[in-house]
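Comments concern the structure below.
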Amino acid sequence: MKTICVLAGAAMLTACQNDASGLALSAPSLPARYATAAKMPAGRQRDLRDWWQTFSDPVLSGLVVRSLGQNLTIVQAKQQLVAARTMARTSRTLFMPTADVSGTANAGTGSTKSQELLRRPVQLNLEVGWELGLFGLSENTQRAAKASADMVAEDVEAARIAVAAEIASAYVRLRALQEREAIARASLALIERDGKLAAVKYRSGLAAASDAEESRISLGDAKAEQARFQMQIDITLQQIATLLGTTQIDASLQHTKPQPVARLDPVTGRPADLLRARPDVRRAELATVRAAADIGIAQADLYPKLRLSGIVGVGGPSNGSPFGILGGPSVQIPVFDQGRRRDVVAARQAQFDEAVAAYRQTVLVAYEEASSALRAWSAVHATTRQLNANLASAQKMRSATTVLEREGLSDGSKSIGSAMRVLAQRKQLADAQEAEALALITFYKAIGGASPLTTSTQDAAPTRQRKG
């Protein structure tokens with residue numbers, strides 16, 4: 001009857017939870033929409049998980065997909081997630097009954113047989129134990145473990161987003177460098193042609209020696225610039241190979257292709273919704289959940305602990321019988337510990353407050369990054385449009401000078417000059433298109449590169465109420 005009473009009391013205590021109310025989480029207020037972002041027409045809200053598709057570049061899309069499957073940083077993060085989820089499953093068994101089999105064999109030189117329990121010659125025991133996770137200890141231990149595993153899952157997502165952004169940025173730089181190298185090569189040909197023309201003029205007495213010398217200097221500078229661009233191309237190709245988890249450079253990337261240009265404007269929407277898609281924001285939110293659970297674990301330590309244990313043995317544990325059963329409850333009641341346990345509770349509360357502040361700071365930093373990237377994109381996007389117009393004008397001027405040269409109404413120097421102006425405009429446009437694409441990639445990375453979530457921040461707030 002005593003055993004039944006103890007078990008009934010344990011069941012009632014297990015249903016009770018320690019009070020940790022007031023642990024609410026609220027996000028900082030954010031503007032209704034990002035600054036400088038134009039409203040998008042109805043029905044154009046897009047799923048951002050494949051944001052790189054906005055560039056309409058199959059080579060870029062293929063590289064991103066390959067990197068997500070091959071990148072070794074992602075592989076490491078996935079294995080860390082496997083370990084974290086395994087440990088989270090283990091936490092569910094910490095406060096469940098356990099059973100162990102043990103055996104002992106003793107021998108001595110004396111002839112007298114001892115009846116002491118631990119001195120019997122041979123024992124085979126089945127030991128059963130059950131530590132009850134009372135006062136919310138079991139629930140909060142599982143909650144903390146699950147939050148930890150979910151945080152590692154967010155680390156995996158953060159790695160995927162970072163790798164996708166890195167390889168997209170490397171690809172954008174590669175195409176920009178290839179365009180610059182092609183421009184440098186074309187400039188080199190024009191400078192060589194201009195140098196030959198300057199030499200003819202010098203021999204004819206129509207130009208000074210300094211003009212020919214200046215052409216030789218410009219030729220040397222153009223060769224050095226082309227070599228520098230080629231070196232940077234090789235470095236970028238190796239960076240892409242590393243992101244793909246290999247040392248082998250993809251030979252197909254060595255062929256020059258047009259620079260990637262986004263076909264759509266950046267997606268706009270409520271910053272609070274978009275930033276909830278960021279793994280670091282979700283991770284910071286989960287950190288508050290784990291910190292709240294840690295408070296519950298520390299509070300449970302203020303209350304008594306109950307453990308049920310028993311032994312079923314052959315050769316013990318009963319005297320006078322080869323087979324016996326021994327068991328019962330044990331209670332640990334905290335009486336006086338110099339305030340250590342309450343200090344732990346206070347420390348866990350401070351850690352929860354710190355986690356809430358870290359969460360709010362993460363949201364603010366996320367908004368700053370996304371807003372700054374969007375501003376940068378808006379500015380360079382306008383510059384790109386202007387440079388496209390300038391290039392079109394320069395090409396018209398070049399066509400006019402080409403006609404004049406063909407008709408014998410102008411010498412080759414004017415045609416070379418107009419061609420050099422076109423190349424200069426192309427170089428400025430290449431720089432602007434690279435900056436625009438990189439700003440767009442930064443923006444998509446800043447908003448998490450995933451579809452906006454529909455759940456509110458309060459849905460995941462770490463609140464607990466008394467039950468039972």
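Naming works like this for the structure tokens: A, B, ... for the chains as they're shown, residue 1 at the start of each chain, ligands 1 onward in shown order.
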Distance table requested - segment 142-190 of chain A against segment 215-231 of chain A, cut-off 12 Å, only C-alpha atoms: one row per qualifying residue with the closest atom pair and its distance in Å to one decimal, ordered by chain and rising residue number, as JSON lines.
```
{"residue": "A:Arg173", "atom": "CA", "partner": "A:Phe229", "partner_atom": "CA", "distance": 11.1}
{"residue": "A:Leu174", "atom": "CA", "partner": "A:Phe229", "partner_atom": "CA", "distance": 10.0}
{"residue": "A:Arg175", "atom": "CA", "partner": "A:Phe229", "partner_atom": "CA", "distance": 11.3}
{"residue": "A:Ala176", "atom": "CA", "partner": "A:Phe229", "partner_atom": "CA", "distance": 9.9}
{"residue": "A:Leu177", "atom": "CA", "partner": "A:Phe229", "partner_atom": "CA", "distance": 6.2}
{"residue": "A:Gln178", "atom": "CA", "partner": "A:Phe229", "partner_atom": "CA", "distance": 7.6}
{"residue": "A:Glu179", "atom": "CA", "partner": "A:Phe229", "partner_atom": "CA", "distance": 9.5}
{"residue": "A:Arg180", "atom": "CA", "partner": "A:Phe229", "partner_atom": "CA", "distance": 7.1}
{"residue": "A:Glu181", "atom": "CA", "partner": "A:Phe229", "partner_atom": "CA", "distance": 5.6}
{"residue": "A:Ala182", "atom": "CA", "partner": "A:Gln226", "partner_atom": "CA", "distance": 8.3}
{"residue": "A:Ile183", "atom": "CA", "partner": "A:Gln226", "partner_atom": "CA", "distance": 8.7}
{"residue": "A:Ala184", "atom": "CA", "partner": "A:Gln226", "partner_atom": "CA", "distance": 5.5}
{"residue": "A:Arg185", "atom": "CA", "partner": "A:Gln226", "partner_atom": "CA", "distance": 6.5}
{"residue": "A:Ala186", "atom": "CA", "partner": "A:Ala222", "partner_atom": "CA", "distance": 9.7}
{"residue": "A:Ser187", "atom": "CA", "partner": "A:Ala222", "partner_atom": "CA", "distance": 7.1}
{"residue": "A:Leu188", "atom": "CA", "partner": "A:Ala222", "partner_atom": "CA", "distance": 5.6}
{"residue": "A:Ala189", "atom": "CA", "partner": "A:Leu219", "partner_atom": "CA", "distance": 9.0}
{"residue": "A:Leu190", "atom": "CA", "partner": "A:Leu219", "partner_atom": "CA", "distance": 9.3}
```
Shell of 10 Å around segment 425-439 of chain A, only C-alpha atoms, local chain residues under 2 positions omitted, as a PyMOL selection string: chain A and resi 55+165-166+168-170+172-184+258-262+370+372-395+419-423+441-445
Among listed residues A:Thr401, A:Thr288, A:Gln332, A:Thr247, nearest Leu306 of chain A (using only C-alpha atoms): A:Gln332
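Atom to atom, atom CA of Ser330 of chain A and atom CA of Ala298 of chain A stand 20.7 Å apart.
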